[in-house]
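Colleague: Could you have a look at this structure, given as structure tokens, before my questions?
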Amino acid sequence: MKVNTVIIGAGISGLSTANFLSKKTSDFIIIESSNRVGGTINSSKVDGYILENGPNTVLDNNSAIQELLSDLNITDKLIYPDLKKISSRYLLINNKLEKIPLTIIEFILTPILSIFSKIKIFSELLVPRHINDTDVESFIKRRFGKEFHDNLVVPFLTGIYADTTSKMSTKSTLKKMWELEQKHGSIIIGLIKEKNKNSRAKIFTINGGLSKITELLSKKFINQLMLNAKVSSIVKFNGSYKITLNEGDDIICKNIISTIPAYSLKDLVFDDKLKNILSNVNYNPIDVFHFGFDRDSLEIKIDGFGLLTKPQDEKSFLGVLFSSNIFEHVSDKKKFLITVLAGGDRQKDLYKESPKSLERQILSEILPLLRLKSGPEFKNHFRWPEGIPSYSMTVEKLKKGIEFFEENNKGFYIIGNYHLGVSVSDCIKNSKELIETRFK
Ligand SMILES: Cc1cc2nc3c(=O)[nH]c(=O)nc-3n(C[C@H](O)[C@H](O)[C@H](O)COP(=O)(O)OP(=O)(O)OC[C@H]3O[C@@H](n4cnc5c(N)ncnc54)[C@H](O)[C@@H]3O)c2cc1C
């Protein structure tokens with residue numbers, strides 16, 4: 001078979017690439033190894049609950065998302081949370097839920113930081129800017145102090161990357177803070193000066209779950225999509241590329257767009273240097289538990305977005321999303337759904353436990369914390385052995401290695417969530433950028 005372009009992977013990166021590419025040409029196919037599209041986007045409806053085993057929300061923060069949703073004609077089908085209902089986010093202090101401060105008064109009164117740390121924050125104005133990228137732990141401790149790092153930044157970043165701050169690149173994971181520091185010499189001054197630019201982006205889902213988006217994309221490209229087709233090798237072939245599938249079929253193409261994870265691509269590429277840098281990308285495992293409760297079993301009203309933990313709390317989970325508060329439609333009005341994330345770099349050992357024993361442990365911790373009178377009437381579990389890629393200090397080297405490979409292998413493009421941003425919105429933005437600016 002001969003085709004101009006092959007997109008490998010039908011997750012959100014691959015499918016949105018197809019969407020933007022289809023505006024230029026129809027001479028492409030999408031190859032997906034599993035029997036479904038969506039990759040990490042994985043919604044299901046079980047016993048009346050809408051469950052998200054992968055991403056729960058998408059950040060509406062760039063024009064590529066708007067364009068994709070409008071191309072699919074679903075802009076009016078999106079569901080946005082009631083911001084007032086989810087404004088509270090909680091941390092644990094002495095095993096009790098404490099609200100993250102949002103106003104100056106709450107900041108002065110919060111027990112999350114000591115008086116010393118609250119005063120120390122203002123000395124950030126005097127700390128010189130960094131010259132080179134540094135790990136998040138050193139960056140935050142230097143600018144805002146240890147307690148700010150341990151009690152606020154660690155739980156927050158664990159909720160997104162499930163990684164350890166001493167291993168994470170500031171430039172890649174705290175992009176906004178890094179840019180403010182570089183531009184203004186101080187994050188506080190930067191925030192004040194750029195106050196008007198920083199309107200908060202909205203989050204959304206869609207009725208039926210985020211998989212609706214990837215299902216609609218797969219319908220749009222039904223004649224160009226191959227499911228159950230795993231790419232097993234790629235070689236250069238007479239100025240083009242030859243892709244071999246597990247079934248033994250060969251495809252000859254001029255362009256390849258890889259959107260698959262680094263651990264898959266490393267086994268396919270013909271270049272040893274690229275193989276080597278892709279092998280160093282680490283992925284953290286994640287367990288996702290859903291628990292549904294009868295509202296009668298809630299002793300107190302649970303408000304807000306959710307709860308995050310830090311290592312000192314010694315809990316078996318990283319965080320809890322109060323899913324029925326974020327999006328009411330995910331459960332019956334008489335029920336309350338929560339989503340619990342466990343694992344990550346911090347809890348790698350817990351991950352080795354059986355899901356049942358981990359579930360027992362998590363419930364024994366969560367029931368008293370949320371003051372639930374009885375256990376869940378609904379349980380669900382999903383395990384991602386290679387869930388979220390690490391944005392370690394070698395990410396810049398990885399990006400350069402990929403750029404070098406692309407320059408030396410015309411028509412071979414590599415995007416994905418392990419070097420250009422992990423969020424669904426980053427994946428969509430990068431697909432559009434590739435097609436509009438680099439793809440020839
Ligand atoms: C538990 C969890 C929660 C998350 N929460 C959020 C959130 O709330 N908001 C947010 O924005 N982001 C979130 N993320 C991150 C986000 O979901 C992912 O980064 C994003 O969906 C990745 O999409 P992708 O298309 O780049 O890769 P993937 O989804 O990994 O898709 C790659 C596809 O390639 C296929 N493939 C692999 N190898 C081959 C091969 N050899 N041949 C053919 N096909 C192949 C795979 O089967 C897969 O379908 C979360 C991630 C996880 C794990």
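Simple scheme: letters A, B, ... for chains in structure tokens order, numbers from 1 for residues in each chain, numbers from 1 for ligands in the order shown.
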Write out as JSON lines a residue-level contact list of chain A versus ligand 1 with cut-off 6 Å: for each qualifying residue the closest pair of atoms and the distance in Å to one decimal, counting only C-alpha atoms and all ligand atoms, rows sorted by chain and residue number upward.
Modeller:
{"residue": "A:Ile8", "atom": "CA", "partner": "ligand 1", "partner_atom_place_in_ligand_line": "43 (C)", "distance": 5.3}
{"residue": "A:Gly9", "atom": "CA", "partner": "ligand 1", "partner_atom_place_in_ligand_line": "34 (O)", "distance": 3.4}
{"residue": "A:Ala10", "atom": "CA", "partner": "ligand 1", "partner_atom_place_in_ligand_line": "49 (O)", "distance": 4.8}
{"residue": "A:Gly11", "atom": "CA", "partner": "ligand 1", "partner_atom_place_in_ligand_line": "25 (O)", "distance": 3.4}
{"residue": "A:Ile12", "atom": "CA", "partner": "ligand 1", "partner_atom_place_in_ligand_line": "25 (O)", "distance": 4.0}
{"residue": "A:Ser13", "atom": "CA", "partner": "ligand 1", "partner_atom_place_in_ligand_line": "25 (O)", "distance": 3.7}
{"residue": "A:Gly14", "atom": "CA", "partner": "ligand 1", "partner_atom_place_in_ligand_line": "25 (O)", "distance": 5.6}
{"residue": "A:Ile31", "atom": "CA", "partner": "ligand 1", "partner_atom_place_in_ligand_line": "43 (C)", "distance": 5.3}
{"residue": "A:Glu32", "atom": "CA", "partner": "ligand 1", "partner_atom_place_in_ligand_line": "44 (N)", "distance": 3.8}
{"residue": "A:Ser33", "atom": "CA", "partner": "ligand 1", "partner_atom_place_in_ligand_line": "44 (N)", "distance": 3.9}
{"residue": "A:Ser34", "atom": "CA", "partner": "ligand 1", "partner_atom_place_in_ligand_line": "47 (O)", "distance": 5.0}
{"residue": "A:Val37", "atom": "CA", "partner": "ligand 1", "partner_atom_place_in_ligand_line": "49 (O)", "distance": 5.7}
{"residue": "A:Gly38", "atom": "CA", "partner": "ligand 1", "partner_atom_place_in_ligand_line": "49 (O)", "distance": 5.6}
{"residue": "A:Gly39", "atom": "CA", "partner": "ligand 1", "partner_atom_place_in_ligand_line": "49 (O)", "distance": 3.3}
{"residue": "A:Thr40", "atom": "CA", "partner": "ligand 1", "partner_atom_place_in_ligand_line": "29 (O)", "distance": 3.7}
{"residue": "A:Ile41", "atom": "CA", "partner": "ligand 1", "partner_atom_place_in_ligand_line": "21 (O)", "distance": 5.3}
{"residue": "A:Gly54", "atom": "CA", "partner": "ligand 1", "partner_atom_place_in_ligand_line": "2 (C)", "distance": 4.0}
{"residue": "A:Pro55", "atom": "CA", "partner": "ligand 1", "partner_atom_place_in_ligand_line": "5 (N)", "distance": 3.2}
{"residue": "A:Asn56", "atom": "CA", "partner": "ligand 1", "partner_atom_place_in_ligand_line": "8 (O)", "distance": 4.2}
{"residue": "A:Thr57", "atom": "CA", "partner": "ligand 1", "partner_atom_place_in_ligand_line": "8 (O)", "distance": 4.5}
{"residue": "A:Val58", "atom": "CA", "partner": "ligand 1", "partner_atom_place_in_ligand_line": "11 (O)", "distance": 4.8}
{"residue": "A:Lys230", "atom": "CA", "partner": "ligand 1", "partner_atom_place_in_ligand_line": "42 (N)", "distance": 3.8}
{"residue": "A:Val231", "atom": "CA", "partner": "ligand 1", "partner_atom_place_in_ligand_line": "42 (N)", "distance": 4.0}
{"residue": "A:Ser232", "atom": "CA", "partner": "ligand 1", "partner_atom_place_in_ligand_line": "41 (N)", "distance": 5.9}
{"residue": "A:Thr259", "atom": "CA", "partner": "ligand 1", "partner_atom_place_in_ligand_line": "26 (O)", "distance": 5.7}
{"residue": "A:Ile260", "atom": "CA", "partner": "ligand 1", "partner_atom_place_in_ligand_line": "34 (O)", "distance": 4.2}
{"residue": "A:Pro261", "atom": "CA", "partner": "ligand 1", "partner_atom_place_in_ligand_line": "30 (O)", "distance": 5.7}
{"residue": "A:Ser264", "atom": "CA", "partner": "ligand 1", "partner_atom_place_in_ligand_line": "38 (N)", "distance": 4.9}
{"residue": "A:Ile286", "atom": "CA", "partner": "ligand 1", "partner_atom_place_in_ligand_line": "1 (C)", "distance": 5.9}
{"residue": "A:Gly387", "atom": "CA", "partner": "ligand 1", "partner_atom_place_in_ligand_line": "53 (C)", "distance": 4.1}
{"residue": "A:Ile388", "atom": "CA", "partner": "ligand 1", "partner_atom_place_in_ligand_line": "53 (C)", "distance": 5.2}
{"residue": "A:Gly416", "atom": "CA", "partner": "ligand 1", "partner_atom_place_in_ligand_line": "26 (O)", "distance": 4.2}
{"residue": "A:Asn417", "atom": "CA", "partner": "ligand 1", "partner_atom_place_in_ligand_line": "26 (O)", "distance": 4.5}
{"residue": "A:Val422", "atom": "CA", "partner": "ligand 1", "partner_atom_place_in_ligand_line": "19 (O)", "distance": 4.3}
{"residue": "A:Ser423", "atom": "CA", "partner": "ligand 1", "partner_atom_place_in_ligand_line": "11 (O)", "distance": 3.4}
{"residue": "A:Val424", "atom": "CA", "partner": "ligand 1", "partner_atom_place_in_ligand_line": "11 (O)", "distance": 3.8}
{"residue": "A:Ser425", "atom": "CA", "partner": "ligand 1", "partner_atom_place_in_ligand_line": "11 (O)", "distance": 5.7}
{"residue": "A:Cys427", "atom": "CA", "partner": "ligand 1", "partner_atom_place_in_ligand_line": "26 (O)", "distance": 5.8}
Colleague: Quick one: residues within 10 Å of Glu314 in chain A, only C-alpha atoms counted, chain neighbours fewer than 5 positions away excluded, as a list of chain:residue names?
Modeller: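 So, after excluding close chain neighbours, the residues are A:Asn95, A:Thr309, A:Gln347.
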Colleague: Write a file of the just-selected residues containing all heavy atoms, as an mmCIF file, in the first residue's frame.
Modeller:
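After the write, again-v8.cif holds the following:
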data_model
loop_
_atom_site.group_PDB
_atom_site.id
_atom_site.type_symbol
_atom_site.label_atom_id
_atom_site.label_comp_id
_atom_site.auth_asym_id
_atom_site.auth_seq_id
_atom_site.Cartn_x
_atom_site.Cartn_y
_atom_site.Cartn_z
ATOM 1 N N ASN A 95 -3.926 15.977 59.340
ATOM 2 C CA ASN A 95 -4.990 15.046 58.971
ATOM 3 C C ASN A 95 -6.383 15.684 58.895
ATOM 4 O O ASN A 95 -7.389 15.002 59.056
ATOM 5 C CB ASN A 95 -5.011 13.863 59.949
ATOM 6 C CG ASN A 95 -5.470 12.599 59.253
ATOM 7 O OD1 ASN A 95 -5.267 12.444 58.035
ATOM 8 N ND2 ASN A 95 -6.122 11.723 59.984
ATOM 9 N N THR A 309 -2.763 15.573 48.374
ATOM 10 C CA THR A 309 -1.925 15.196 49.521
ATOM 11 C C THR A 309 -0.451 15.467 49.233
ATOM 12 O O THR A 309 -0.061 15.646 48.085
ATOM 13 C CB THR A 309 -2.071 13.696 49.863
ATOM 14 O OG1 THR A 309 -1.523 12.936 48.780
ATOM 15 C CG2 THR A 309 -3.525 13.305 50.096
ATOM 16 N N GLN A 347 4.486 7.059 45.021
ATOM 17 C CA GLN A 347 3.862 5.853 45.580
ATOM 18 C C GLN A 347 4.117 4.627 44.706
ATOM 19 O O GLN A 347 3.238 3.778 44.567
ATOM 20 C CB GLN A 347 2.364 6.103 45.734
ATOM 21 C CG GLN A 347 2.068 7.263 46.667
ATOM 22 C CD GLN A 347 0.588 7.635 46.706
ATOM 23 O OE1 GLN A 347 -0.129 7.418 45.756
ATOM 24 N NE2 GLN A 347 0.153 8.196 47.816
#
Colleague: Please report as CSV every residue of range 238-305 of chain A lying within 12 Å of range 43-49 of chain A, along with the nearest atom pair and their distance in Å (one decimal), using only C-alpha atoms.
Modeller:
residue,atom,partner,partner_atom,distance
A:His290,CA,A:Tyr49,CA,9.4
A:Phe291,CA,A:Tyr49,CA,9.8
A:Gly292,CA,A:Tyr49,CA,8.0
A:Phe293,CA,A:Tyr49,CA,11.0
Colleague: Pull N, CA, C and O atoms from the residues just selected and write them as a compact mmCIF listing (two decimals), in the first residue's frame.
Modeller:
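Here's the written file part-v9.txt:
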# COMPACT_ATOMS: atom_id res chain seq x y z
N HIS A 290 -12.80 4.91 41.14
CA HIS A 290 -14.04 5.68 41.24
C HIS A 290 -14.87 5.08 42.36
O HIS A 290 -15.03 3.85 42.42
N PHE A 291 -15.39 5.93 43.23
CA PHE A 291 -16.29 5.46 44.28
C PHE A 291 -17.56 6.29 44.24
O PHE A 291 -17.51 7.53 44.22
N GLY A 292 -18.71 5.60 44.24
CA GLY A 292 -19.99 6.29 44.28
C GLY A 292 -20.68 6.05 45.61
O GLY A 292 -20.71 4.91 46.11
N PHE A 293 -21.18 7.12 46.21
CA PHE A 293 -21.83 7.02 47.53
C PHE A 293 -23.28 7.50 47.43
O PHE A 293 -23.60 8.37 46.61
Colleague: List the neighbours of Lys273 in chain A out to 12 Å using only C-alpha atoms; skip same-chain residues closer than 6 positions along the sequence, and give me the result as an MDAnalysis selection string.
Modeller: chainID A and resid 266 279:280 397:398 400:402 404:405
Colleague: Apply DSSP to the backbone of this structure and, from range 192-428 of chain A, keep only the residues in strand (DSSP E or B); write these as a PyMOL selection string.
Modeller: chain A and resi 202-206+225-226+231-237+240-245+250-258+283-294+298+306-308+319-321+335-343+372+378-389+392+412-414
Colleague: Taking into account only C-alpha atoms, which residue in the set A:Leu370, A:Ile74, A:Leu265, A:Ala162 is nearest to Asp287 in chain A?
Modeller: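 Closest residue, counting only C-alpha atoms: A:Ala162.
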Colleague: Do you know which residues are at most 8 Å from range 127-131 of chain A counting only C-alpha atoms, after dropping those on the same chain fewer than 3 positions away, and could you put them as an MDAnalysis selection string?
Modeller: chainID A and resid 123:124 134 142:143 181:182 185:186
Colleague: With all heavy atoms retained, could you export that selection as a PDB file, in the first residue's frame?
Modeller:
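The new file selection_24.pdb reads:
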ATOM      1  N   SER A 123      10.176  38.053  50.430  1.00  0.00           N
ATOM      2  CA  SER A 123      11.600  38.223  50.109  1.00  0.00           C
ATOM      3  C   SER A 123      11.891  37.720  48.695  1.00  0.00           C
ATOM      4  O   SER A 123      12.976  37.906  48.151  1.00  0.00           O
ATOM      5  CB  SER A 123      12.488  37.517  51.139  1.00  0.00           C
ATOM      6  OG  SER A 123      12.293  36.129  51.039  1.00  0.00           O
ATOM      7  N   GLU A 124      10.884  37.068  48.081  1.00  0.00           N
ATOM      8  CA  GLU A 124      11.035  36.612  46.688  1.00  0.00           C
ATOM      9  C   GLU A 124      11.397  37.775  45.771  1.00  0.00           C
ATOM     10  O   GLU A 124      12.088  37.615  44.758  1.00  0.00           O
ATOM     11  CB  GLU A 124       9.717  35.960  46.236  1.00  0.00           C
ATOM     12  CG  GLU A 124       9.796  35.160  44.940  1.00  0.00           C
ATOM     13  CD  GLU A 124       9.465  35.953  43.683  1.00  0.00           C
ATOM     14  OE1 GLU A 124       8.816  37.003  43.772  1.00  0.00           O
ATOM     15  OE2 GLU A 124       9.864  35.517  42.592  1.00  0.00           O
ATOM     16  N   THR A 134      16.434  24.758  36.227  1.00  0.00           N
ATOM     17  CA  THR A 134      16.796  24.020  37.435  1.00  0.00           C
ATOM     18  C   THR A 134      15.613  23.163  37.847  1.00  0.00           C
ATOM     19  O   THR A 134      14.518  23.335  37.328  1.00  0.00           O
ATOM     20  CB  THR A 134      17.223  24.998  38.555  1.00  0.00           C
ATOM     21  OG1 THR A 134      17.511  24.250  39.731  1.00  0.00           O
ATOM     22  CG2 THR A 134      16.117  25.983  38.908  1.00  0.00           C
ATOM     23  N   ARG A 142      14.217  28.166  46.721  1.00  0.00           N
ATOM     24  CA  ARG A 142      15.060  29.378  46.659  1.00  0.00           C
ATOM     25  C   ARG A 142      14.183  30.626  46.622  1.00  0.00           C
ATOM     26  O   ARG A 142      14.476  31.616  47.272  1.00  0.00           O
ATOM     27  CB  ARG A 142      15.960  29.278  45.428  1.00  0.00           C
ATOM     28  CG  ARG A 142      16.864  30.476  45.238  1.00  0.00           C
ATOM     29  CD  ARG A 142      18.062  30.124  44.373  1.00  0.00           C
ATOM     30  NE  ARG A 142      18.798  31.342  44.077  1.00  0.00           N
ATOM     31  CZ  ARG A 142      18.693  31.995  42.921  1.00  0.00           C
ATOM     32  NH1 ARG A 142      17.916  31.535  41.969  1.00  0.00           N
ATOM     33  NH2 ARG A 142      19.379  33.096  42.739  1.00  0.00           N
ATOM     34  N   ARG A 143      13.091  30.589  45.890  1.00  0.00           N
ATOM     35  CA  ARG A 143      12.293  31.817  45.747  1.00  0.00           C
ATOM     36  C   ARG A 143      11.296  32.011  46.889  1.00  0.00           C
ATOM     37  O   ARG A 143      11.048  33.124  47.336  1.00  0.00           O
ATOM     38  CB  ARG A 143      11.530  31.826  44.409  1.00  0.00           C
ATOM     39  CG  ARG A 143      12.439  31.735  43.178  1.00  0.00           C
ATOM     40  CD  ARG A 143      11.855  32.445  41.976  1.00  0.00           C
ATOM     41  NE  ARG A 143      11.872  33.891  42.125  1.00  0.00           N
ATOM     42  CZ  ARG A 143      12.899  34.678  41.830  1.00  0.00           C
ATOM     43  NH1 ARG A 143      13.996  34.173  41.334  1.00  0.00           N
ATOM     44  NH2 ARG A 143      12.833  35.974  42.039  1.00  0.00           N
ATOM     45  N   GLU A 181       9.556  34.901  35.987  1.00  0.00           N
ATOM     46  CA  GLU A 181      10.831  35.161  36.667  1.00  0.00           C
ATOM     47  C   GLU A 181      11.868  35.695  35.684  1.00  0.00           C
ATOM     48  O   GLU A 181      12.572  36.677  35.947  1.00  0.00           O
ATOM     49  CB  GLU A 181      11.348  33.871  37.328  1.00  0.00           C
ATOM     50  CG  GLU A 181      12.523  34.110  38.261  1.00  0.00           C
ATOM     51  CD  GLU A 181      13.691  33.155  38.045  1.00  0.00           C
ATOM     52  OE1 GLU A 181      14.064  32.916  36.892  1.00  0.00           O
ATOM     53  OE2 GLU A 181      14.223  32.676  39.065  1.00  0.00           O
ATOM     54  N   GLN A 182      11.933  35.063  34.498  1.00  0.00           N
ATOM     55  CA  GLN A 182      12.925  35.472  33.503  1.00  0.00           C
ATOM     56  C   GLN A 182      12.664  36.899  33.000  1.00  0.00           C
ATOM     57  O   GLN A 182      13.570  37.672  32.822  1.00  0.00           O
ATOM     58  CB  GLN A 182      12.921  34.496  32.316  1.00  0.00           C
ATOM     59  CG  GLN A 182      13.435  33.112  32.679  1.00  0.00           C
ATOM     60  CD  GLN A 182      14.885  33.096  33.131  1.00  0.00           C
ATOM     61  OE1 GLN A 182      15.776  33.503  32.404  1.00  0.00           O
ATOM     62  NE2 GLN A 182      15.156  32.670  34.357  1.00  0.00           N
ATOM     63  N   GLY A 185      12.196  39.273  36.706  1.00  0.00           N
ATOM     64  CA  GLY A 185      13.147  39.108  37.806  1.00  0.00           C
ATOM     65  C   GLY A 185      12.473  38.619  39.071  1.00  0.00           C
ATOM     66  O   GLY A 185      13.139  38.191  40.015  1.00  0.00           O
ATOM     67  N   SER A 186      11.155  38.671  39.139  1.00  0.00           N
ATOM     68  CA  SER A 186      10.416  38.196  40.322  1.00  0.00           C
ATOM     69  C   SER A 186       9.032  37.732  39.867  1.00  0.00           C
ATOM     70  O   SER A 186       8.396  38.384  39.025  1.00  0.00           O
ATOM     71  CB  SER A 186      10.284  39.346  41.335  1.00  0.00           C
ATOM     72  OG  SER A 186       9.064  39.238  42.038  1.00  0.00           O
TER      73      SER A 186
END
Colleague: If you run DSSP on the backbone here, which positions in range 126-328 of chain A get helix (DSSP H, G or I)? Please write them as a ChimeraX atom specification.
Modeller: /A:126,136-144,146-161,165-167,170-173,175-184,187-193,195-197,211-220,222-224,262-265,272-279,295-297,311-313,323-326,328
Colleague: Name all residues at most 8 Å from Arg346 in chain A (count only C-alpha atoms; drop same-chain ones fewer than 5 positions away) and give them as a PyMOL selection string.
Modeller: chain A and resi 162-164+311
Colleague: Write to file, as a short mmCIF file (atom, residue, chain, number, x, y, z; two decimals), in the first residue's frame, the residues of the selection just made, with N, CA, C and O atoms.
Modeller:
data_model
loop_
_atom_site.label_atom_id
_atom_site.label_comp_id
_atom_site.auth_asym_id
_atom_site.auth_seq_id
_atom_site.Cartn_x
_atom_site.Cartn_y
_atom_site.Cartn_z
N ALA A 162 2.18 13.61 38.75
CA ALA A 162 2.44 12.40 39.54
C ALA A 162 3.94 12.14 39.68
O ALA A 162 4.38 11.00 39.71
N ASP A 163 4.73 13.22 39.72
CA ASP A 163 6.18 13.05 39.74
C ASP A 163 6.77 13.75 40.98
O ASP A 163 6.04 14.40 41.75
N THR A 164 8.08 13.64 41.15
CA THR A 164 8.76 14.21 42.32
C THR A 164 9.45 15.51 41.90
O THR A 164 10.16 15.53 40.88
N PRO A 311 3.72 14.12 50.61
CA PRO A 311 4.33 12.90 51.17
C PRO A 311 4.19 12.79 52.69
O PRO A 311 3.92 11.71 53.22
#
Colleague: From the options A:Asn73, A:Asn207, A:Thr214, A:Asn408, which residue's atoms come nearest to Ile50 in chain A, counting only C-alpha atoms?
Modeller: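 Nearest candidate to Ile50 in chain A out of A:Asn73, A:Asn207, A:Thr214, A:Asn408: A:Asn207.
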Colleague: Point out the residue among A:Ile105, A:Ile257, A:Leu227, A:Leu69 with the least atom-to-atom distance to Thr17 in chain A, counting only C-alpha atoms.
Modeller: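 Looking only at the distances to Thr17 in chain A, the closest residue turns out to be A:Ile257.
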Colleague: Which residues, written as JSON, numbers by chain, have at least one atom at most 9 Å from range 296-301 of chain A, with only C-alpha atoms counted and residues fewer than 2 positions away on the same chain left out?
Modeller: {"A": [293, 294, 303, 334, 335, 336, 370, 371, 372, 373, 374, 375, 376]}
Colleague: What does the file look like for those residues with C-alpha atoms, as a compact mmCIF listing (two decimals), in the first residue's frame?
Modeller:
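For reference, again_28.txt as written:
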# COMPACT_ATOMS: atom_id res chain seq x y z
CA PHE A 293 -21.83 7.02 47.53
CA ASP A 294 -25.48 7.54 48.45
CA ASP A 303 -17.93 21.24 48.60
CA LYS A 334 -29.02 11.10 44.93
CA LYS A 335 -25.44 9.84 44.47
CA PHE A 336 -22.00 11.40 44.91
CA LEU A 370 -14.62 13.12 54.18
CA ARG A 371 -16.85 12.07 57.11
CA LEU A 372 -18.70 9.44 55.12
CA LYS A 373 -21.03 7.32 57.28
CA SER A 374 -20.91 4.23 55.09
CA GLY A 375 -18.80 2.72 52.34
CA PRO A 376 -19.37 3.21 48.60
Colleague: Nearest to Leu174 in chain A: which of A:Gly190, A:Asp133, A:Gly239, A:Phe144 is it, counting only C-alpha atoms?
Modeller: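 Closest residue, counting only C-alpha atoms: A:Asp133.
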Colleague: Which is closer to Leu78 in chain A than all the others in A:Lys379, A:Lys333, A:Lys202, A:Lys348, using only C-alpha atoms?
Modeller: A:Lys202
Colleague: With distances taken over only C-alpha atoms, which residue among A:Phe412, A:Asp82, A:Phe204, A:Asp349 lies nearest Asn61 in chain A?
Modeller: A:Phe204
